[in-house]
$ cat input_16.cif   # mmCIF, C-alpha atoms, pLDDT in the B column; chains and numbers go by the auth columns
data_my_file
#
loop_
_atom_site.group_PDB
_atom_site.id
_atom_site.type_symbol
_atom_site.label_atom_id
_atom_site.label_comp_id
_atom_site.label_asym_id
_atom_site.label_seq_id
_atom_site.Cartn_x
_atom_site.Cartn_y
_atom_site.Cartn_z
_atom_site.B_iso_or_equiv
_atom_site.auth_seq_id
_atom_site.auth_asym_id
ATOM 1 C CA MET A 1 118.705 77.368 244.168 50.00 1 O
ATOM 2 C CA ARG A 2 116.794 77.423 240.987 51.00 2 O
ATOM 3 C CA GLU A 3 118.398 77.298 237.681 52.00 3 O
ATOM 4 C CA SER A 4 117.108 79.635 235.132 50.00 4 O
ATOM 5 C CA SER A 5 116.303 78.045 231.831 49.00 5 O
ATOM 6 C CA LYS A 6 118.070 79.510 228.912 51.00 6 O
ATOM 7 C CA THR A 7 116.485 79.635 225.515 52.00 7 O
ATOM 8 C CA SER A 8 118.481 78.722 222.490 54.00 8 O
ATOM 9 C CA GLY A 9 117.481 81.916 220.721 54.00 9 O
ATOM 10 C CA LYS A 10 114.889 80.225 218.467 57.00 10 O
ATOM 11 C CA GLU A 11 111.344 81.336 218.684 62.00 11 O
ATOM 12 C CA ASP A 12 108.231 80.033 217.032 69.00 12 O
ATOM 13 C CA GLY A 13 107.459 81.407 213.560 72.00 13 O
ATOM 14 C CA PHE A 14 109.316 81.977 210.289 69.00 14 O
ATOM 15 C CA THR A 15 112.495 83.873 209.893 81.00 15 O
ATOM 16 C CA LEU A 16 112.821 86.360 207.090 76.00 16 O
ATOM 17 C CA MET A 17 115.040 83.937 205.146 78.00 17 O
ATOM 18 C CA GLU A 18 112.502 81.132 205.396 78.00 18 O
ATOM 19 C CA ALA A 19 109.719 83.412 204.211 77.00 19 O
ATOM 20 C CA VAL A 20 111.807 84.617 201.241 78.00 20 O
ATOM 21 C CA LEU A 21 112.645 81.020 200.340 79.00 21 O
ATOM 22 C CA VAL A 22 108.954 79.993 200.412 79.00 22 O
ATOM 23 C CA VAL A 23 108.003 82.967 198.207 79.00 23 O
ATOM 24 C CA MET A 24 110.787 82.143 195.728 76.00 24 O
ATOM 25 C CA ILE A 25 109.834 78.464 195.474 78.00 25 O
ATOM 26 C CA GLY A 26 106.156 79.380 195.134 71.00 26 O
ATOM 27 C CA GLY A 27 107.033 81.927 192.452 72.00 27 O
ATOM 28 C CA VAL A 28 108.622 79.198 190.367 73.00 28 O
ATOM 29 C CA LEU A 29 106.200 76.335 191.054 73.00 29 O
ATOM 30 C CA VAL A 30 102.846 78.105 190.777 74.00 30 O
ATOM 31 C CA PRO A 31 103.378 79.449 187.230 73.00 31 O
ATOM 32 C CA SER A 32 104.711 76.041 186.142 71.00 32 O
ATOM 33 C CA ILE A 33 101.634 74.306 187.504 72.00 33 O
ATOM 34 C CA LEU A 34 99.289 76.858 185.937 71.00 34 O
ATOM 35 C CA LEU A 35 101.081 76.598 182.591 71.00 35 O
ATOM 36 C CA GLY A 36 100.786 72.810 182.701 68.00 36 O
ATOM 37 C CA LEU A 37 97.079 73.021 183.463 65.00 37 O
ATOM 38 C CA GLY A 38 96.580 75.517 180.647 64.00 38 O
ATOM 39 C CA MET A 39 98.364 73.247 178.182 61.00 39 O
ATOM 40 C CA SER A 40 96.283 70.240 179.215 60.00 40 O
ATOM 41 C CA VAL A 41 93.060 72.222 178.755 57.00 41 O
ATOM 42 C CA LYS A 42 94.255 73.416 175.326 59.00 42 O
ATOM 43 C CA GLY A 43 95.276 69.882 174.373 58.00 43 O
ATOM 44 C CA SER A 44 91.944 68.592 175.607 71.00 44 O
ATOM 45 C CA SER A 45 89.994 71.056 173.452 75.00 45 O
ATOM 46 C CA GLU A 46 92.121 70.100 170.428 77.00 46 O
ATOM 47 C CA MET A 47 91.363 66.429 171.060 79.00 47 O
ATOM 48 C CA VAL A 48 87.641 67.212 171.261 82.00 48 O
ATOM 49 C CA ALA A 49 87.851 69.005 167.880 83.00 49 O
ATOM 50 C CA ILE A 50 89.747 66.086 166.307 84.00 50 O
ATOM 51 C CA HIS A 51 87.203 63.614 167.671 85.00 51 O
ATOM 52 C CA ARG A 52 84.313 65.754 166.401 87.00 52 O
ATOM 53 C CA ASN A 53 85.850 65.999 162.920 89.00 53 O
ATOM 54 C CA ALA A 54 86.524 62.257 162.819 89.00 54 O
ATOM 55 C CA THR A 55 82.927 61.536 163.822 90.00 55 O
ATOM 56 C CA ILE A 56 81.527 63.824 161.111 90.00 56 O
ATOM 57 C CA ALA A 57 83.882 62.309 158.515 91.00 57 O
ATOM 58 C CA ASP A 58 82.952 58.769 159.589 91.00 58 O
ATOM 59 C CA PHE A 59 79.242 59.525 159.230 91.00 59 O
ATOM 60 C CA ALA A 60 79.720 61.100 155.765 93.00 60 O
ATOM 61 C CA LEU A 61 81.899 58.185 154.579 93.00 61 O
ATOM 62 C CA LYS A 62 79.417 55.556 155.682 93.00 62 O
ATOM 63 C CA GLU A 63 76.426 57.428 154.300 93.00 63 O
ATOM 64 C CA LYS A 64 77.967 57.812 150.807 95.00 64 O
ATOM 65 C CA MET A 65 79.304 54.245 150.803 92.00 65 O
ATOM 66 C CA GLU A 66 75.922 52.779 151.794 93.00 66 O
ATOM 67 C CA GLU A 67 74.286 54.816 149.039 94.00 67 O
ATOM 68 C CA LYS A 68 76.673 53.391 146.411 94.00 68 O
ATOM 69 C CA ILE A 69 76.748 49.794 147.708 92.00 69 O
ATOM 70 C CA GLY A 70 72.946 49.712 147.753 91.00 70 O
ATOM 71 C CA LEU A 71 72.767 50.252 143.974 93.00 71 O
ATOM 72 C CA PRO A 72 72.512 47.354 141.553 93.00 72 O
ATOM 73 C CA TYR A 73 75.838 46.565 139.833 93.00 73 O
ATOM 74 C CA SER A 74 74.600 47.767 136.432 92.00 74 O
ATOM 75 C CA ASP A 75 73.071 51.036 137.764 93.00 75 O
ATOM 76 C CA SER A 76 74.475 54.227 136.209 94.00 76 O
ATOM 77 C CA GLY A 77 75.254 55.446 139.744 93.00 77 O
ATOM 78 C CA LEU A 78 78.026 52.831 139.775 93.00 78 O
ATOM 79 C CA ASP A 79 79.557 53.836 136.453 95.00 79 O
ATOM 80 C CA PRO A 80 83.305 54.480 136.679 95.00 80 O
ATOM 81 C CA VAL A 81 84.084 58.054 137.707 95.00 81 O
ATOM 82 C CA SER A 82 87.109 59.834 139.171 94.00 82 O
ATOM 83 C CA ASN A 83 87.009 62.285 142.053 93.00 83 O
ATOM 84 C CA GLN A 84 83.306 63.049 141.914 94.00 84 O
ATOM 85 C CA SER A 85 82.570 65.533 144.690 95.00 85 O
ATOM 86 C CA PHE A 86 79.614 65.299 147.066 94.00 86 O
ATOM 87 C CA ASP A 87 78.196 67.664 149.659 92.00 87 O
ATOM 88 C CA ILE A 88 78.714 67.405 153.391 92.00 88 O
ATOM 89 C CA ASP A 89 76.539 69.557 155.648 88.00 89 O
ATOM 90 C CA GLU A 90 79.500 70.908 157.616 89.00 90 O
ATOM 91 C CA PRO A 91 81.597 73.937 156.697 89.00 91 O
ATOM 92 C CA ALA A 92 85.203 73.256 155.636 90.00 92 O
ATOM 93 C CA PHE A 93 84.512 69.540 154.995 93.00 93 O
ATOM 94 C CA SER A 94 84.626 68.126 151.492 94.00 94 O
ATOM 95 C CA GLY A 95 83.958 64.724 150.024 95.00 95 O
ATOM 96 C CA VAL A 96 84.895 62.921 146.814 96.00 96 O
ATOM 97 C CA TYR A 97 84.346 59.417 145.550 96.00 97 O
ATOM 98 C CA THR A 98 85.860 57.339 142.778 96.00 98 O
ATOM 99 C CA ILE A 99 84.443 54.241 141.137 97.00 99 O
ATOM 100 C CA SER A 100 86.776 52.118 139.006 96.00 100 O
ATOM 101 C CA TYR A 101 86.936 48.683 137.433 96.00 101 O
ATOM 102 C CA VAL A 102 89.257 46.193 139.136 95.00 102 O
ATOM 103 C CA ASP A 103 90.148 42.577 138.432 93.00 103 O
ATOM 104 C CA GLU A 104 89.843 39.611 140.808 90.00 104 O
ATOM 105 C CA ASP A 105 93.149 40.629 142.433 92.00 105 O
ATOM 106 C CA LEU A 106 91.801 44.176 142.954 90.00 106 O
ATOM 107 C CA ASN A 107 94.268 45.640 140.448 92.00 107 O
ATOM 108 C CA SER A 108 93.010 48.431 138.204 93.00 108 O
ATOM 109 C CA SER A 109 91.361 47.190 135.054 91.00 109 O
ATOM 110 C CA VAL A 110 90.201 48.928 131.888 91.00 110 O
ATOM 111 C CA ASP A 111 87.512 46.355 131.233 92.00 111 O
ATOM 112 C CA ASP A 112 84.546 45.355 133.333 93.00 112 O
ATOM 113 C CA VAL A 113 85.321 41.851 134.575 93.00 113 O
ATOM 114 C CA GLY A 114 82.644 41.901 137.263 93.00 114 O
ATOM 115 C CA TYR A 115 84.300 44.002 139.990 95.00 115 O
ATOM 116 C CA LYS A 116 84.053 47.705 140.805 96.00 116 O
ATOM 117 C CA LYS A 117 86.029 49.427 143.545 96.00 117 O
ATOM 118 C CA ILE A 118 84.394 52.331 145.351 95.00 118 O
ATOM 119 C CA THR A 119 86.672 54.767 147.189 96.00 119 O
ATOM 120 C CA VAL A 120 85.120 57.505 149.323 96.00 120 O
ATOM 121 C CA ARG A 121 87.317 60.231 150.840 95.00 121 O
ATOM 122 C CA VAL A 122 86.340 63.023 153.246 95.00 122 O
ATOM 123 C CA SER A 123 88.684 65.924 153.977 93.00 123 O
ATOM 124 C CA THR A 124 88.349 67.656 157.328 91.00 124 O
ATOM 125 C CA PRO A 125 89.556 71.070 158.455 88.00 125 O
ATOM 126 C CA GLY A 126 93.129 70.787 159.655 77.00 126 O
ATOM 127 C CA GLU A 127 93.818 67.080 160.105 68.00 127 O
ATOM 128 C CA GLY A 128 93.743 65.751 156.573 80.00 128 O
ATOM 129 C CA SER A 129 91.397 63.125 155.219 89.00 129 O
ATOM 130 C CA TYR A 130 89.656 59.841 155.961 92.00 130 O
ATOM 131 C CA GLU A 131 89.045 57.143 153.373 94.00 131 O
ATOM 132 C CA LEU A 132 86.801 54.117 152.993 92.00 132 O
ATOM 133 C CA LYS A 133 86.996 51.489 150.221 94.00 133 O
ATOM 134 C CA ALA A 134 84.716 48.681 149.119 94.00 134 O
ATOM 135 C CA VAL A 135 84.360 46.326 146.174 94.00 135 O
ATOM 136 C CA VAL A 136 81.042 45.394 144.580 92.00 136 O
ATOM 137 C CA THR A 137 80.570 42.490 142.210 91.00 137 O
ATOM 138 C CA SER A 138 78.197 41.528 139.427 87.00 138 O
ATOM 139 C CA TRP A 139 77.547 38.165 141.111 81.00 139 O
ATOM 140 C CA LYS A 140 73.972 37.461 142.017 63.00 140 O
#

$ encode --input "input_16.cif" --output "structure tokens"
Amino acid sequence: MRESSKTSGKEDGFTLMEAVLVVMIGGVLVPSILLGLGMSVKGSSEMVAIHRNATIADFALKEKMEEKIGLPYSDSGLDPVSNQSFDIDEPAFSGVYTISYVDEDLNSSVDDVGYKKITVRVSTPGEGSYELKAVVTSWK
């Protein structure tokens, strides 16, 4: 006599509960993943803008500093001045420089004792400003 095989009642495929569970989990995970990707793209574009602004500021700082350092110590272009503005060929950027007398310890001085401090500052849109300082001497 042959025995008939009984099935346990399970068949291949998903039950309605399994399908609902998959949809619910997917409904929570997919938006979270997409939101995370969107934030990383936004953060990435902000970092690109910050890097671009820093590069422009760096170029402007170095260009103005090289111009001033290249002058002879007694040149009128190195006369003490406070917050003298200069042009930068980018919208929303601004530049200022200051030239002042300092002593051998780099402390402010009213008299010319052979040292001048040059400070160049560039302000960028949004992030603030970048600054570069140098000291020139009357030594030959």

$ residues_around --input "input_16.cif" --residues "stretch 96-107 of chain O" --least-positions-apart "6" --cutoff "10 Å" --atoms "all atoms listed in the file" --output "ChimeraX atom specification"
/O:61,64-65,68,77-87,113-123,131-137

$ atom_distance --input "input_16.cif" --atom1 "atom CA of O:Ile56" --atom2 "atom CA of O:Ser94"
11.0 Å

$ resolve_selection --input "input_16.cif" --expression "the PyMOL selection byres ((chain O and resi 93) around 10)" --output "list in words"
Asn53, Ile56, Ala57, Ala60, Asp87, Ile88, Asp89, Glu90, Pro91, Ala92, Ser94, Gly95, Val122, Ser123, Thr124, Pro125, Gly126 and Ser129 of chain O

$ closest_residue --input "input_16.cif" --among "O:Ile25, O:Gly128, O:Ser138, O:Glu67" --to "O:Ile50" --atoms "all atoms listed in the file"
O:Gly128

$ atom_distance --input "input_16.cif" --atom1 "atom CA of O:Trp139" --atom2 "atom CA of O:Ile69"
13.4 Å

$ atom_distance --input "input_16.cif" --atom1 "atom CA of O:Val30" --atom2 "atom CA of O:Leu16"
20.8 Å

$ build_atoms --input "input_16.cif" --residues "stretch 81-116 of chain O" --atoms "N, CA and C atoms" --output "tab-separated table (two decimals), keeping the file's coordinate frame"
chain	number	residue	atom	x	y	z
O	81	VAL	N	83.94	56.60	137.62
O	81	VAL	CA	84.08	58.05	137.71
O	81	VAL	C	85.28	58.35	138.61
O	82	SER	N	85.96	59.45	138.34
O	82	SER	CA	87.11	59.83	139.17
O	82	SER	C	86.81	61.12	139.92
O	83	ASN	N	87.10	61.10	141.18
O	83	ASN	CA	87.01	62.28	142.05
O	83	ASN	C	85.73	63.09	141.87
O	84	GLN	N	84.62	62.40	141.97
O	84	GLN	CA	83.31	63.05	141.91
O	84	GLN	C	83.01	63.63	143.30
O	85	SER	N	82.79	64.92	143.37
O	85	SER	CA	82.57	65.53	144.69
O	85	SER	C	81.13	65.33	145.16
O	86	PHE	N	80.95	65.36	146.47
O	86	PHE	CA	79.61	65.30	147.07
O	86	PHE	C	79.58	66.22	148.27
O	87	ASP	N	78.38	66.68	148.59
O	87	ASP	CA	78.20	67.66	149.66
O	87	ASP	C	78.19	67.02	151.04
O	88	ILE	N	78.76	67.76	151.97
O	88	ILE	CA	78.71	67.40	153.39
O	88	ILE	C	78.17	68.64	154.10
O	89	ASP	N	77.22	68.43	154.99
O	89	ASP	CA	76.54	69.56	155.65
O	89	ASP	C	77.34	70.19	156.77
O	90	GLU	N	78.63	70.26	156.62
O	90	GLU	CA	79.50	70.91	157.62
O	90	GLU	C	80.46	71.82	156.87
O	91	PRO	N	80.65	73.04	157.37
O	91	PRO	CA	81.60	73.94	156.70
O	91	PRO	C	83.03	73.40	156.78
O	92	ALA	N	83.79	73.63	155.73
O	92	ALA	CA	85.20	73.26	155.64
O	92	ALA	C	85.44	71.75	155.46
O	93	PHE	N	84.39	70.96	155.31
O	93	PHE	CA	84.51	69.54	155.00
O	93	PHE	C	84.23	69.36	153.51
O	94	SER	N	84.92	68.42	152.89
O	94	SER	CA	84.63	68.13	151.49
O	94	SER	C	84.73	66.63	151.27
O	95	GLY	N	83.96	66.15	150.30
O	95	GLY	CA	83.96	64.72	150.02
O	95	GLY	C	84.08	64.44	148.55
O	96	VAL	N	84.79	63.39	148.20
O	96	VAL	CA	84.90	62.92	146.81
O	96	VAL	C	84.82	61.39	146.82
O	97	TYR	N	84.33	60.87	145.70
O	97	TYR	CA	84.35	59.42	145.55
O	97	TYR	C	84.82	59.07	144.15
O	98	THR	N	85.38	57.87	144.04
O	98	THR	CA	85.86	57.34	142.78
O	98	THR	C	85.32	55.92	142.64
O	99	ILE	N	84.87	55.61	141.43
O	99	ILE	CA	84.44	54.24	141.14
O	99	ILE	C	85.28	53.78	139.95
O	100	SER	N	85.92	52.61	140.09
O	100	SER	CA	86.78	52.12	139.01
O	100	SER	C	86.62	50.61	138.87
O	101	TYR	N	86.92	50.12	137.67
O	101	TYR	CA	86.94	48.68	137.43
O	101	TYR	C	88.21	48.09	138.04
O	102	VAL	N	88.09	46.93	138.64
O	102	VAL	CA	89.26	46.19	139.14
O	102	VAL	C	89.10	44.73	138.74
O	103	ASP	N	90.21	44.00	138.74
O	103	ASP	CA	90.15	42.58	138.43
O	103	ASP	C	90.00	41.79	139.73
O	104	GLU	N	90.05	40.46	139.61
O	104	GLU	CA	89.84	39.61	140.81
O	104	GLU	C	90.93	39.78	141.86
O	105	ASP	N	92.08	40.35	141.47
O	105	ASP	CA	93.15	40.63	142.43
O	105	ASP	C	93.10	42.07	142.93
O	106	LEU	N	92.05	42.77	142.59
O	106	LEU	CA	91.80	44.18	142.95
O	106	LEU	C	92.81	45.15	142.33
O	107	ASN	N	93.41	44.73	141.22
O	107	ASN	CA	94.27	45.64	140.45
O	107	ASN	C	93.40	46.40	139.45
O	108	SER	N	93.78	47.62	139.16
O	108	SER	CA	93.01	48.43	138.20
O	108	SER	C	92.84	47.69	136.89
O	109	SER	N	91.67	47.85	136.31
O	109	SER	CA	91.36	47.19	135.05
O	109	SER	C	90.65	48.18	134.14
O	110	VAL	N	90.88	48.04	132.84
O	110	VAL	CA	90.20	48.93	131.89
O	110	VAL	C	88.84	48.34	131.53
O	111	ASP	N	88.75	47.04	131.60
O	111	ASP	CA	87.51	46.36	131.23
O	111	ASP	C	86.72	45.95	132.47
O	112	ASP	N	85.43	45.81	132.27
O	112	ASP	CA	84.55	45.36	133.33
O	112	ASP	C	84.59	43.83	133.39
O	113	VAL	N	85.25	43.30	134.40
O	113	VAL	CA	85.32	41.85	134.57
O	113	VAL	C	84.48	41.40	135.77
O	114	GLY	N	83.57	42.27	136.19
O	114	GLY	CA	82.64	41.90	137.26
O	114	GLY	C	82.96	42.48	138.63
O	115	TYR	N	83.94	43.39	138.70
O	115	TYR	CA	84.30	44.00	139.99
O	115	TYR	C	84.42	45.52	139.81
O	116	LYS	N	83.87	46.25	140.77
O	116	LYS	CA	84.05	47.70	140.80
O	116	LYS	C	84.51	48.09	142.21
